[in-house]
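S.K.: So that you have it, the file is work.cif, and it contains mmCIF, C-alpha atoms:
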```cif
data_coords
#
loop_
_atom_site.label_atom_id
_atom_site.label_comp_id
_atom_site.auth_asym_id
_atom_site.auth_seq_id
_atom_site.Cartn_x
_atom_site.Cartn_y
_atom_site.Cartn_z
CA MET D 23 0.00 0.00 0.00
CA SER D 24 1.41 3.38 -0.92
CA GLU D 25 1.66 5.97 1.79
CA ARG D 26 -1.00 8.64 1.97
CA GLN D 27 -0.66 12.11 3.35
CA LEU D 28 -1.82 13.09 6.82
CA SER D 29 -3.60 16.36 6.14
CA PRO D 30 -3.92 19.08 8.76
CA SER D 31 -7.61 19.31 7.90
CA PRO D 32 -9.71 17.26 10.37
CA SER D 33 -12.33 16.89 7.63
CA LEU D 34 -10.27 14.18 5.92
CA SER D 35 -11.23 10.63 6.77
CA ARG D 36 -9.53 8.90 9.66
CA ARG D 37 -8.86 6.00 7.32
CA ARG D 38 -6.61 8.28 5.30
CA LEU D 39 -4.85 9.50 8.42
CA LEU D 40 -4.02 6.03 9.67
CA THR D 41 -2.48 4.40 6.62
CA LEU D 42 0.52 2.12 6.61
CA GLY D 43 3.50 2.95 4.48
CA ALA D 44 5.20 0.96 1.74
CA ALA D 45 6.81 -1.25 4.35
CA ALA D 46 3.42 -2.27 5.70
CA GLY D 47 4.34 -5.93 5.85
CA ALA D 48 7.27 -5.20 8.13
CA LEU D 49 5.55 -2.53 10.18
CA ALA D 50 2.17 -4.04 10.92
CA GLY D 51 3.09 -6.85 13.28
CA LEU D 52 0.46 -9.39 14.30
CA TRP D 53 -0.78 -9.49 17.88
CA PRO D 54 0.45 -12.78 19.39
CA ARG D 55 -2.14 -14.72 21.40
CA ASP D 56 0.13 -14.93 24.43
CA ALA D 57 0.75 -11.18 24.30
CA VAL D 58 -2.98 -10.53 24.52
CA ALA D 59 -3.24 -12.50 27.74
CA GLN D 60 -0.25 -10.70 29.24
CA LEU D 61 -0.86 -7.13 28.16
CA LYS D 62 -4.52 -6.51 27.38
CA LEU D 63 -6.38 -4.57 30.06
CA ASP D 64 -10.00 -4.72 31.16
CA VAL D 65 -10.68 -1.02 31.55
CA THR D 66 -14.05 -1.56 33.24
CA GLN D 67 -12.62 -3.07 36.41
CA GLY D 68 -12.21 -0.99 39.53
CA THR D 69 -8.60 -2.00 40.20
CA ILE D 70 -6.18 -1.84 37.27
CA ARG D 71 -2.44 -2.30 37.21
CA PRO D 72 -1.26 0.28 34.68
CA ILE D 73 0.95 -1.16 31.96
CA PRO D 74 4.61 -0.18 32.44
CA ILE D 75 5.56 1.24 29.05
CA ALA D 76 8.82 2.69 27.79
CA LEU D 77 8.72 5.60 25.37
CA PRO D 78 12.19 6.59 24.11
CA ASP D 79 12.29 9.88 22.23
CA PHE D 80 11.46 9.56 18.55
CA LEU D 81 14.62 9.69 16.49
CA THR D 82 14.96 12.78 14.33
CA ALA D 83 16.52 12.46 10.88
CA PRO D 84 18.58 15.27 9.31
CA GLY D 85 16.35 17.78 7.58
CA VAL D 86 13.57 17.83 10.18
CA PRO D 87 12.96 21.56 10.75
CA ASP D 88 13.13 21.32 14.55
CA PRO D 89 15.49 18.74 16.11
CA ALA D 90 13.37 18.84 19.28
CA MET D 91 10.24 17.70 17.44
CA GLY D 92 10.92 14.01 18.08
CA ARG D 93 11.06 14.65 21.80
CA ASN D 94 7.95 16.85 21.60
CA ILE D 95 5.92 14.09 19.96
CA THR D 96 7.12 11.57 22.53
CA GLN D 97 6.17 13.90 25.37
CA ILE D 98 2.63 14.34 24.00
CA ILE D 99 2.19 10.57 23.61
CA THR D 100 3.58 10.02 27.11
CA ALA D 101 1.22 12.61 28.61
CA ASN D 102 -1.80 11.12 26.83
CA LEU D 103 -1.08 7.59 28.02
CA ARG D 104 -0.27 8.65 31.59
CA ARG D 105 -3.41 10.78 31.82
CA SER D 106 -5.57 7.80 30.82
CA GLY D 107 -4.54 6.05 34.03
CA LEU D 108 -4.01 2.77 32.17
CA PHE D 109 -0.30 3.21 31.49
CA ALA D 110 2.73 3.89 33.66
CA PRO D 111 5.42 5.50 31.47
CA ILE D 112 8.89 4.56 32.73
CA ASP D 113 11.44 7.25 33.54
CA GLN D 114 13.83 7.59 30.58
CA ALA D 115 16.77 7.92 32.99
CA THR D 116 16.43 4.20 33.79
CA TYR D 117 16.67 3.00 30.18
CA VAL D 118 19.51 0.57 29.52
CA GLU D 119 19.30 0.51 25.71
CA ARG D 120 19.48 3.69 23.65
CA ILE D 121 17.43 3.17 20.50
CA ALA D 122 19.43 3.97 17.37
CA ASP D 123 17.46 2.17 14.63
CA VAL D 124 13.66 1.75 14.69
CA ASN D 125 13.87 -0.92 11.97
CA ARG D 126 15.63 -3.34 14.33
CA PRO D 127 13.97 -5.06 17.29
CA PRO D 128 14.94 -3.62 20.65
CA ARG D 129 17.08 -5.68 23.01
CA PHE D 130 14.15 -7.11 24.97
CA ALA D 131 16.31 -8.28 27.87
CA ASP D 132 17.36 -4.67 28.51
CA TRP D 133 13.72 -3.58 28.71
CA ARG D 134 12.72 -6.51 30.90
CA GLN D 135 15.47 -5.39 33.26
CA ILE D 136 13.55 -2.16 33.95
CA ASN D 137 10.20 -4.03 34.12
CA ALA D 138 8.76 -2.62 30.90
CA ASP D 139 5.89 -4.60 29.40
CA ALA D 140 5.86 -2.60 26.17
CA VAL D 141 8.21 -0.32 24.23
CA VAL D 142 7.40 2.29 21.59
CA THR D 143 10.09 3.27 19.10
CA GLY D 144 9.73 5.92 16.43
CA ARG D 145 11.49 8.12 13.89
CA LEU D 146 10.74 11.43 12.19
CA GLU D 147 12.05 12.48 8.82
CA ARG D 148 11.30 15.20 6.32
CA GLN D 149 9.84 14.29 2.95
CA GLY D 150 10.66 15.94 -0.35
CA ASN D 151 7.43 17.96 -0.26
CA GLY D 152 8.36 19.40 3.15
CA ASN D 153 5.96 17.22 5.13
CA LEU D 154 6.93 15.47 8.32
CA GLN D 155 6.78 11.67 8.26
CA ALA D 156 6.55 9.65 11.47
CA GLN D 157 7.12 5.93 11.77
CA PHE D 158 6.44 4.06 15.00
CA ARG D 159 6.50 0.48 16.25
CA LEU D 160 4.91 -0.99 19.37
CA TRP D 161 6.74 -3.93 20.90
CA ASP D 162 5.58 -6.54 23.43
CA VAL D 163 8.60 -6.97 25.69
CA VAL D 164 7.21 -10.04 27.46
CA ALA D 165 6.58 -11.99 24.24
CA GLY D 166 9.55 -10.42 22.42
CA GLN D 167 7.43 -9.51 19.40
CA GLN D 168 6.12 -6.50 17.52
CA ILE D 169 2.47 -5.71 18.16
CA ALA D 170 1.83 -2.87 15.71
CA GLY D 171 3.47 -0.41 13.36
CA GLN D 172 2.44 2.57 11.32
CA GLN D 173 3.82 5.47 9.34
CA SER D 174 2.00 8.67 8.50
CA SER D 175 2.87 12.16 7.35
CA THR D 176 1.63 15.66 7.94
CA THR D 177 2.75 19.26 7.75
CA PRO D 178 5.20 20.13 10.53
CA ASP D 179 2.77 22.49 12.26
CA ASN D 180 0.29 19.63 12.66
CA TYR D 181 2.58 17.35 14.64
CA ARG D 182 0.42 17.42 17.79
CA ARG D 183 -2.41 15.69 16.01
CA LEU D 184 0.00 13.10 14.66
CA ALA D 185 1.03 12.38 18.28
CA HIS D 186 -2.63 11.98 19.31
CA ILE D 187 -3.28 9.50 16.50
CA ILE D 188 -0.25 7.42 17.49
CA SER D 189 -1.48 7.54 21.11
CA ASP D 190 -4.84 6.19 19.97
CA GLN D 191 -3.17 3.29 18.19
CA ILE D 192 -1.13 2.35 21.27
CA TYR D 193 -4.20 2.65 23.51
CA HIS D 194 -6.27 0.49 21.16
CA ARG D 195 -3.65 -2.23 20.78
CA LEU D 196 -3.02 -2.55 24.51
CA THR D 197 -6.57 -2.19 25.86
CA GLY D 198 -8.75 -3.46 23.02
CA GLU D 199 -10.76 -0.22 23.30
CA THR D 200 -10.98 2.60 20.78
CA GLY D 201 -8.78 5.54 21.69
CA TYR D 202 -10.04 9.04 22.39
CA PHE D 203 -6.97 11.28 22.12
CA ASP D 204 -7.58 12.55 18.57
CA THR D 205 -10.61 14.54 19.70
CA ARG D 206 -11.58 18.04 20.72
CA ILE D 207 -13.61 19.71 23.44
CA VAL D 208 -15.95 22.65 22.99
CA PHE D 209 -16.61 24.53 26.23
CA ILE D 210 -17.56 27.88 27.70
CA ASP D 211 -14.53 30.04 28.53
CA GLU D 212 -15.40 32.28 31.47
CA SER D 213 -13.37 35.33 32.49
CA GLY D 214 -13.87 38.34 34.73
CA ALA D 215 -15.50 38.85 38.11
CA ARG D 216 -18.12 36.29 39.12
CA ASN D 217 -21.00 38.76 38.75
CA GLN D 218 -19.69 40.12 35.43
CA ARG D 219 -18.44 37.07 33.58
CA THR D 220 -17.63 37.21 29.89
CA LYS D 221 -18.57 33.86 28.36
CA ARG D 222 -17.08 32.80 25.05
CA LEU D 223 -17.49 29.62 23.09
CA ALA D 224 -14.06 27.97 22.89
CA LEU D 225 -12.53 24.88 21.30
CA MET D 226 -9.44 22.92 22.33
CA ASP D 227 -7.74 19.56 21.92
CA GLN D 228 -8.78 17.00 24.53
CA ASP D 229 -5.53 17.66 26.44
CA GLY D 230 -6.19 21.40 26.71
CA ALA D 231 -3.85 22.50 23.89
CA ASN D 232 -4.65 24.63 20.82
CA VAL D 233 -7.40 26.72 22.39
CA ARG D 234 -9.26 28.94 19.97
CA TYR D 235 -12.36 31.06 20.43
CA LEU D 236 -15.50 30.63 18.35
CA THR D 237 -17.40 33.66 19.69
CA ARG D 238 -16.18 37.06 20.89
CA GLY D 239 -18.07 37.30 24.16
CA ASP D 240 -20.49 40.00 23.01
CA ASP D 241 -23.47 37.74 23.78
CA LEU D 242 -24.02 35.23 26.55
CA VAL D 243 -23.47 31.67 25.27
CA LEU D 244 -24.36 28.43 27.05
CA THR D 245 -24.42 24.62 26.84
CA PRO D 246 -22.66 23.71 23.58
CA ARG D 247 -23.35 20.19 22.30
CA PHE D 248 -21.27 18.23 19.77
CA SER D 249 -22.83 16.14 17.05
CA PRO D 250 -21.84 12.46 17.46
CA SER D 251 -21.38 12.13 13.70
CA SER D 252 -19.73 15.36 12.53
CA GLN D 253 -17.75 18.41 13.60
CA GLU D 254 -20.90 20.45 14.24
CA ILE D 255 -22.21 21.90 17.47
CA THR D 256 -25.39 23.45 18.76
CA TYR D 257 -25.30 26.13 21.44
CA MET D 258 -27.54 28.75 23.01
CA SER D 259 -26.95 32.47 22.62
CA TYR D 260 -28.77 35.25 24.43
CA GLY D 261 -28.14 38.05 21.97
CA GLN D 262 -30.55 40.95 22.38
CA GLY D 263 -32.01 39.24 25.44
CA HIS D 264 -33.71 36.43 23.52
CA PRO D 265 -32.46 32.83 23.59
CA ARG D 266 -31.65 31.43 20.16
CA VAL D 267 -30.16 28.10 19.20
CA PHE D 268 -27.32 28.15 16.68
CA LEU D 269 -25.84 25.36 14.58
CA LEU D 270 -22.11 25.89 13.93
CA ASN D 271 -19.83 23.93 11.61
CA ILE D 272 -16.42 23.89 13.30
CA GLU D 273 -14.48 23.35 10.05
CA THR D 274 -16.16 25.89 7.78
CA GLY D 275 -17.25 28.41 10.40
CA GLN D 276 -20.74 28.41 8.87
CA ARG D 277 -23.34 29.37 11.44
CA GLU D 278 -27.12 29.29 11.17
CA VAL D 279 -30.01 29.90 13.52
CA VAL D 280 -31.97 26.77 14.28
CA GLY D 281 -34.75 28.77 15.89
CA ASN D 282 -35.85 31.16 18.61
CA PHE D 283 -36.85 29.25 21.72
CA PRO D 284 -37.94 31.55 24.55
CA GLY D 285 -38.79 28.61 26.82
CA MET D 286 -35.51 26.74 26.49
CA SER D 287 -32.96 26.41 29.28
CA PHE D 288 -30.47 23.97 27.68
CA ALA D 289 -29.24 23.71 24.10
CA PRO D 290 -30.56 20.70 22.17
CA ARG D 291 -28.67 17.43 21.80
CA PHE D 292 -28.15 15.63 18.51
CA SER D 293 -29.41 12.24 17.48
CA ASN D 294 -26.65 9.75 16.69
CA ASP D 295 -26.94 10.36 12.92
CA GLY D 296 -26.79 14.13 13.41
CA GLN D 297 -30.05 14.65 11.49
CA ARG D 298 -32.28 15.52 14.46
CA ILE D 299 -32.02 17.52 17.65
CA ILE D 300 -33.96 16.89 20.83
CA MET D 301 -34.84 19.62 23.31
CA SER D 302 -37.14 20.71 26.10
CA LEU D 303 -39.38 23.76 25.78
CA GLN D 304 -41.30 25.49 28.52
CA GLN D 305 -44.97 26.19 27.93
CA GLY D 306 -46.75 27.84 30.81
CA GLY D 307 -45.76 26.17 34.06
CA ASN D 308 -44.54 22.92 32.55
CA SER D 309 -41.83 21.81 30.16
CA ASN D 310 -42.05 19.09 27.52
CA ILE D 311 -39.68 17.35 25.15
CA PHE D 312 -39.64 17.99 21.42
CA VAL D 313 -37.61 16.65 18.52
CA MET D 314 -36.75 18.67 15.39
CA ASP D 315 -35.68 17.36 11.99
CA LEU D 316 -32.77 19.60 10.95
CA ARG D 317 -33.53 19.21 7.24
CA SER D 318 -37.23 20.07 7.28
CA ARG D 319 -37.28 21.97 10.60
CA ALA D 320 -40.43 19.99 11.43
CA THR D 321 -40.99 19.63 15.18
CA MET D 322 -42.77 16.83 17.03
CA LYS D 323 -43.83 16.84 20.69
CA LEU D 324 -42.77 13.72 22.57
CA THR D 325 -44.08 14.33 26.11
CA ASP D 326 -47.24 16.09 27.26
CA THR D 327 -47.43 16.29 31.03
CA ALA D 328 -47.97 18.87 33.74
CA ALA D 329 -44.44 18.21 34.96
CA ILE D 330 -41.05 19.66 34.00
CA ASP D 331 -39.45 17.26 31.53
CA THR D 332 -36.00 18.40 30.42
CA SER D 333 -32.40 17.41 29.49
CA PRO D 334 -33.25 14.71 26.93
CA SER D 335 -30.51 12.52 25.45
CA TYR D 336 -30.75 9.84 22.74
CA SER D 337 -29.37 6.35 23.09
CA PRO D 338 -26.69 5.63 20.43
CA ASP D 339 -29.16 3.70 18.26
CA GLY D 340 -31.85 6.38 18.63
CA ALA D 341 -34.34 3.81 19.92
CA ARG D 342 -34.63 5.33 23.42
CA ILE D 343 -34.44 8.69 25.14
CA SER D 344 -33.35 9.46 28.68
CA PHE D 345 -34.51 12.67 30.36
CA GLU D 346 -35.07 14.21 33.77
CA SER D 347 -38.52 14.95 35.15
CA ASP D 348 -40.10 16.04 38.42
CA ARG D 349 -43.34 14.20 37.64
CA GLY D 350 -42.73 12.03 40.72
CA GLY D 351 -42.18 15.01 43.04
CA ARG D 352 -38.47 15.65 42.53
CA GLN D 353 -36.03 15.43 39.62
CA GLN D 354 -35.41 11.84 38.58
CA ILE D 355 -34.24 10.09 35.43
CA TYR D 356 -36.71 8.45 33.06
CA VAL D 357 -36.34 6.46 29.85
CA MET D 358 -38.89 6.27 27.03
CA ALA D 359 -38.99 5.12 23.41
CA GLY D 360 -37.38 7.32 20.76
CA ASN D 361 -40.79 8.35 19.43
CA GLY D 362 -42.25 9.12 22.86
CA GLY D 363 -44.85 7.20 24.82
CA GLN D 364 -44.73 5.69 28.29
CA ALA D 365 -41.68 6.64 30.36
CA ASN D 366 -40.10 4.44 33.01
CA ARG D 367 -38.30 5.88 36.00
CA ILE D 368 -34.81 4.39 36.47
CA SER D 369 -33.28 6.44 39.35
CA PHE D 370 -34.31 5.64 42.92
CA GLY D 371 -31.44 6.76 45.13
CA GLU D 372 -31.44 9.48 47.74
CA GLY D 373 -31.55 13.04 46.38
CA SER D 374 -32.37 14.35 42.92
CA TYR D 375 -30.94 13.36 39.54
CA SER D 376 -30.38 15.55 36.49
CA THR D 377 -28.54 15.99 33.16
CA PRO D 378 -28.67 12.34 31.99
CA VAL D 379 -26.34 11.66 29.03
CA TRP D 380 -26.25 8.32 27.24
CA SER D 381 -22.84 6.72 26.69
CA PRO D 382 -21.72 6.36 23.04
CA ARG D 383 -21.48 2.63 23.76
CA GLY D 384 -25.05 2.47 25.05
CA ASP D 385 -24.08 0.67 28.25
CA TYR D 386 -24.37 3.53 30.76
CA ILE D 387 -26.17 6.79 31.40
CA ALA D 388 -24.15 9.49 33.15
CA PHE D 389 -25.91 11.93 35.47
CA THR D 390 -25.54 14.69 38.04
CA LYS D 391 -26.88 13.84 41.50
CA GLN D 392 -27.64 16.33 44.26
CA ALA D 393 -27.96 15.08 47.83
CA GLN D 394 -27.10 16.54 51.24
CA GLY D 395 -25.73 19.72 49.70
CA ARG D 396 -23.24 17.95 47.41
CA PHE D 397 -23.21 17.43 43.66
CA SER D 398 -21.96 14.11 42.31
CA ILE D 399 -21.22 12.74 38.86
CA GLY D 400 -22.27 9.14 38.44
CA ILE D 401 -23.30 6.46 36.00
CA MET D 402 -25.98 3.77 35.91
CA ARG D 403 -27.13 1.19 33.42
CA PRO D 404 -30.11 2.10 31.21
CA ASP D 405 -32.41 -0.01 33.40
CA GLY D 406 -31.27 1.87 36.52
CA SER D 407 -29.09 -0.90 37.93
CA GLY D 408 -25.42 -0.60 38.86
CA GLU D 409 -25.50 3.01 40.03
CA ARG D 410 -21.97 4.20 40.74
CA ILE D 411 -20.81 7.61 41.97
CA LEU D 412 -17.54 8.55 40.25
CA THR D 413 -16.79 11.85 41.96
CA ASP D 414 -18.50 14.36 44.21
CA GLY D 415 -17.87 17.87 45.47
CA PHE D 416 -19.44 21.21 46.23
CA HIS D 417 -20.73 21.69 42.69
CA ASN D 418 -20.04 19.14 39.97
CA GLU D 419 -22.13 19.28 36.83
CA GLY D 420 -22.38 18.77 33.09
CA PRO D 421 -20.99 15.27 32.31
CA THR D 422 -19.96 14.59 28.71
CA TRP D 423 -18.64 11.31 27.30
CA ALA D 424 -15.43 10.62 25.40
CA PRO D 425 -16.33 8.89 22.12
CA ASN D 426 -15.10 5.52 23.42
CA GLY D 427 -17.50 5.65 26.38
CA ARG D 428 -14.78 5.02 28.96
CA VAL D 429 -13.99 8.56 30.20
CA LEU D 430 -16.18 11.48 31.29
CA MET D 431 -15.46 15.19 31.42
CA PHE D 432 -17.38 17.54 33.72
CA PHE D 433 -16.96 20.91 35.39
CA ARG D 434 -16.59 21.76 39.06
CA ASP D 435 -17.26 25.18 40.58
CA PRO D 436 -15.85 25.55 44.11
CA GLY D 437 -17.72 28.82 44.64
CA GLY D 438 -16.40 31.93 46.33
CA ASN D 439 -14.17 34.14 44.21
CA SER D 440 -13.06 31.21 42.12
CA GLY D 441 -14.77 29.77 39.06
CA PRO D 442 -15.55 26.52 37.24
CA GLN D 443 -12.80 24.19 36.06
CA LEU D 444 -12.82 21.14 33.78
CA PHE D 445 -12.00 17.63 34.96
CA THR D 446 -11.99 14.10 33.59
CA VAL D 447 -12.65 10.83 35.39
CA ASP D 448 -12.90 7.28 34.09
CA ILE D 449 -15.91 5.00 34.57
CA THR D 450 -14.27 3.17 37.47
CA GLY D 451 -14.12 6.44 39.44
CA ARG D 452 -10.34 6.39 39.34
CA ASN D 453 -7.91 8.81 37.87
CA GLU D 454 -9.60 12.17 38.21
CA GLN D 455 -7.61 14.77 36.26
CA ARG D 456 -7.95 18.52 35.89
CA ILE D 457 -7.79 19.86 32.32
CA ALA D 458 -6.25 23.32 32.41
CA THR D 459 -7.90 26.14 30.44
CA PRO D 460 -6.74 29.75 29.94
CA ALA D 461 -9.47 31.07 32.25
CA PHE D 462 -12.39 29.36 33.95
CA GLY D 463 -14.19 26.66 31.96
CA SER D 464 -17.68 25.14 32.07
CA ASP D 465 -20.21 23.21 29.97
CA PRO D 466 -17.78 20.89 28.15
CA ALA D 467 -18.86 18.77 25.19
CA TRP D 468 -16.64 16.04 23.72
CA SER D 469 -16.28 15.66 19.95
CA PRO D 470 -16.32 12.38 18.06
CA LEU D 471 -12.98 11.15 16.74
CA LEU D 472 -11.73 13.52 14.08
CA ARG D 473 -12.33 12.24 10.58
#
```
Could you spell out this file's structure in structure tokens?
M.R.:
Amino acid sequence: MSERQLSPSPSLSRRRLLTLGAAAGALAGLWPRDAVAQLKLDVTQGTIRPIPIALPDFLTAPGVPDPAMGRNITQIITANLRRSGLFAPIDQATYVERIADVNRPPRFADWRQINADAVVTGRLERQGNGNLQAQFRLWDVVAGQQIAGQQSSTTPDNYRRLAHIISDQIYHRLTGETGYFDTRIVFIDESGARNQRTKRLALMDQDGANVRYLTRGDDLVLTPRFSPSSQEITYMSYGQGHPRVFLLNIETGQREVVGNFPGMSFAPRFSNDGQRIIMSLQQGGNSNIFVMDLRSRATMKLTDTAAIDTSPSYSPDGARISFESDRGGRQQIYVMAGNGGQANRISFGEGSYSTPVWSPRGDYIAFTKQAQGRFSIGIMRPDGSGERILTDGFHNEGPTWAPNGRVLMFFRDPGGNSGPQLFTVDITGRNEQRIATPAFGSDPAWSPLLR
């Protein structure tokens, strides 16, 4: 297979970004059966021994514009894997072997000596068209075999994304799960005094890098939502005092008004195919759930009660909808068919439940729970069983799923003179991590994998 170019444009297909080079037969090693038993993790278990992994700096061939770029890529990969909580990168100072040729197997005995289970080797070189080409290999130290290999190319200024894609490949090969590093987060950037906050719509890589602003802060913006199938978002804007819902294409910058919704408190969420949005609208003293076809703009009412039904979220197959309602006296989570009808309550714990969001895998629903003055982020199965609190605090809110359904992001506001900050936590409740933003950050929404 001839090598294809890794374009800086996220609109290109992921298949094109993850192509093997001409030496595909040598690079793409098979996964040995015994290696699977020794290395593969079950990321759903509560106690996990992170895989000790060695990540020597990528070699840099003459002609690469920045000699430090190999180290930079390695540092990004290392940070991604460490942040996942499933890998324990080994201190480079302990390495016995110094990699000099990525086309030769490492000396496995040297890596066993420092208790590494896996080693990643890589090389950067500059192509004739000025692009940067990266080759990497993933080695199983225990079995003494290559697990995977890949080479891809991109423009030098796009090297961070190349590092995220390589991270995804390592994560996938060693956990059996799809990676989530080649993704982005849209969120609300908040700056200024608490009672005079400027709120801008912002976009960043999942690790907090490459922040850029999508609105100027002239109008109040709230609750952005990513489409599960494209690089589009919906969000609410209160320009001229009236709430309007916008649809924004991240790649083209094209923005259109979906509609004026005076009774809306949260922006709509997309269906899995990106063709519909589901929302709650207030009418009089109650609030009901509606779905809109984005092509025809036709709207259909799905609930009709005297209660407050809000925060709807589709299951990945679109067959069911979760939402919160106070029809039983306080906010609880309900599930109904995708076209409406009878709703079944699934939350029965102490306190109130809100903001249900269905996992991209369909196996869990995330929620915010308020009890005894504390706000928790938790998950439960779609039938209400297996409730698990992942994290709690003074004010935790707004869970959003990584596209692999194994990590959640949320925001926490400690109150006082401080402001909200973004955090991630995995579905075992381990490995809570703060994601730094330039100012305060709230209302995160996780993108699908870039295409």
S.K.: Convert the output of the PyMOL selection byres ((chain D and resi 463) around 7) on the shown file into explicit residues, formatted as a list in words.
M.R.: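 So the PyMOL selection byres ((chain D and resi 463) around 7) ends up selecting Phe209, Ile210, Asp211, Glu212, Pro442, Gln443, Leu444, Thr459, Ala461, Phe462 and Ser464 of chain D.
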S.K.: Can I get the selection written as a compact mmCIF listing (two decimals), in the frame of the given file, with C-alpha atoms?
M.R.:
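This is the output file part33.txt:
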```txt
# COMPACT_ATOMS: atom_id res chain seq x y z
CA PHE D 209 -16.61 24.53 26.23
CA ILE D 210 -17.56 27.88 27.70
CA ASP D 211 -14.53 30.04 28.53
CA GLU D 212 -15.40 32.28 31.47
CA PRO D 442 -15.55 26.52 37.24
CA GLN D 443 -12.80 24.19 36.06
CA LEU D 444 -12.82 21.14 33.78
CA THR D 459 -7.90 26.14 30.44
CA ALA D 461 -9.47 31.07 32.25
CA PHE D 462 -12.39 29.36 33.95
CA SER D 464 -17.68 25.14 32.07
```
S.K.: Could you tell me which residues the PyMOL selection byres ((chain D and resi 428) around 9) returns for this structure, as an MDAnalysis selection string?
M.R.: chainID D and resid 65:66 199 381 383 423:427 429:430 447:450
S.K.: Grab the atom CA of D:Gly395 to atom CA of D:Ser374 distance for me, in Å with one decimal place.
M.R.: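 Separation of atom CA of D:Gly395 and atom CA of D:Ser374: 10.9 Å.
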S.K.: Enumerate, as a list in words, the residues matched when the PyMOL selection byres ((chain D and resi 130) around 12) is run on the file above.
M.R.: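 Taken over the shown coordinates, the PyMOL selection byres ((chain D and resi 130) around 12) returns Ala76, Tyr117, Val118, Glu119, Ile121, Arg126, Pro127, Pro128, Arg129, Ala131, Asp132, Trp133, Arg134, Gln135, Ile136, Asn137, Ala138, Asp139, Ala140, Val141, Trp161, Asp162, Val163, Val164, Ala165, Gly166, Gln167 and Gln168 of chain D.
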S.K.: Just the number, please: distance in Å from atom CA of D:Pro404 to atom CA of D:Ser337, one decimal.
M.R.: 9.2 Å
S.K.: Would you work out the distance separating atom CA of D:Arg183 from atom CA of D:Glu273, expressed in Å to one decimal?
M.R.: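 Separation of atom CA of D:Arg183 and atom CA of D:Glu273: 15.5 Å.
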S.K.: Just the residues within 10 Å of stretch 349-364 of chain D, please, counting all atoms listed in the file, with nothing from its chain fewer than 6 positions along; format it as a PyMOL selection string.
M.R.: chain D and resi 293+311-313+322-337+339-343+370-371+373-378+387+389+391-392+404-406
S.K.: So that I can check the surroundings of D:Arg266, please list as a ChimeraX atom specification every protein, DNA and RNA residue that reaches within 10 Å of it, counting only C-alpha atoms and ignoring chain neighbours fewer than 2 positions away.
M.R.: /D:243,257-264,268,279-284,286,289
S.K.: Can you tell me which residues surround D:Glu254 at a distance of at most 6 Å, considering only C-alpha atoms, apart from same-chain residues fewer than 4 positions away, and format the answer as a list in words?
M.R.: Phe248, Ser249, Leu270, Asn271 and Ile272 of chain D
S.K.: Restricting it to C-alpha atoms, dump the selection as an mmCIF file, in the frame of the given file.
M.R.:
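Below is the file result_31.cif, written as the result:
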```
data_model
loop_
_atom_site.group_PDB
_atom_site.id
_atom_site.type_symbol
_atom_site.label_atom_id
_atom_site.label_comp_id
_atom_site.auth_asym_id
_atom_site.auth_seq_id
_atom_site.Cartn_x
_atom_site.Cartn_y
_atom_site.Cartn_z
ATOM 1 C CA PHE D 248 -21.270 18.230 19.770
ATOM 2 C CA SER D 249 -22.830 16.140 17.050
ATOM 3 C CA LEU D 270 -22.110 25.890 13.930
ATOM 4 C CA ASN D 271 -19.830 23.930 11.610
ATOM 5 C CA ILE D 272 -16.420 23.890 13.300
#
```
S.K.: Rank nothing, just name the residue among D:Pro421, D:Ser309, D:Gln455, D:Pro250 nearest to D:Gln297, using all atoms listed in the file.
M.R.: D:Pro250
S.K.: D:Asp385, D:Glu454, D:Asp240, D:Asp465: which is nearest D:Thr422, counting only C-alpha atoms?
M.R.: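 Closest candidate: D:Asp465.
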S.K.: Which neighbours of D:Thr413 fall inside 8 Å, counting only C-alpha atoms, when residues of the same chain fewer than 5 positions from it are skipped, and could you give them as a JSON list (two decimals) with C-alpha atoms, in the frame of the given file?
M.R.:
```json
[["chain", "number", "residue", "atom", "x", "y", "z"],
["D", 398, "SER", "CA", -21.96, 14.11, 42.31],
["D", 399, "ILE", "CA", -21.22, 12.74, 38.86],
["D", 400, "GLY", "CA", -22.27, 9.14, 38.44],
["D", 447, "VAL", "CA", -12.65, 10.83, 35.39],
["D", 451, "GLY", "CA", -14.12, 6.44, 39.44]]
```
S.K.: Taking into account all atoms listed in the file, which residue in the set D:Val379, D:Leu146, D:Leu103, D:Ile255 is nearest to D:Pro338?
M.R.: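 Closest candidate: D:Val379.
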S.K.: Is it possible to get the residues within 8 Å of (-6.4, 13.2, 35.2) (coordinates as in the file, counting only C-alpha atoms) written as a CSV table (one decimal) with C-alpha atoms, in the frame of the given file?
M.R.:
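Okay, this is what ended up in result_18.csv:
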```csv
chain,number,residue,atom,x,y,z
D,105,ARG,CA,-3.4,10.8,31.8
D,106,SER,CA,-5.6,7.8,30.8
D,107,GLY,CA,-4.5,6.0,34.0
D,445,PHE,CA,-12.0,17.6,35.0
D,446,THR,CA,-12.0,14.1,33.6
D,447,VAL,CA,-12.6,10.8,35.4
D,453,ASN,CA,-7.9,8.8,37.9
D,454,GLU,CA,-9.6,12.2,38.2
D,455,GLN,CA,-7.6,14.8,36.3
D,456,ARG,CA,-8.0,18.5,35.9
D,457,ILE,CA,-7.8,19.9,32.3
```
S.K.: Given only C-alpha atoms as the basis, pick out the residue of D:Phe158, D:Tyr235, D:Phe109, D:Phe433 nearest to D:Ile70.
M.R.: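 Using only C-alpha atoms, the shortest distance to D:Ile70 belongs to D:Phe109.
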S.K.: Between D:Ser189, D:Thr220, D:Ser175, D:Thr256, single out the one closest to D:Leu242, counting all atoms listed in the file.
M.R.: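 Smallest separation from D:Leu242 among the options: D:Thr220.
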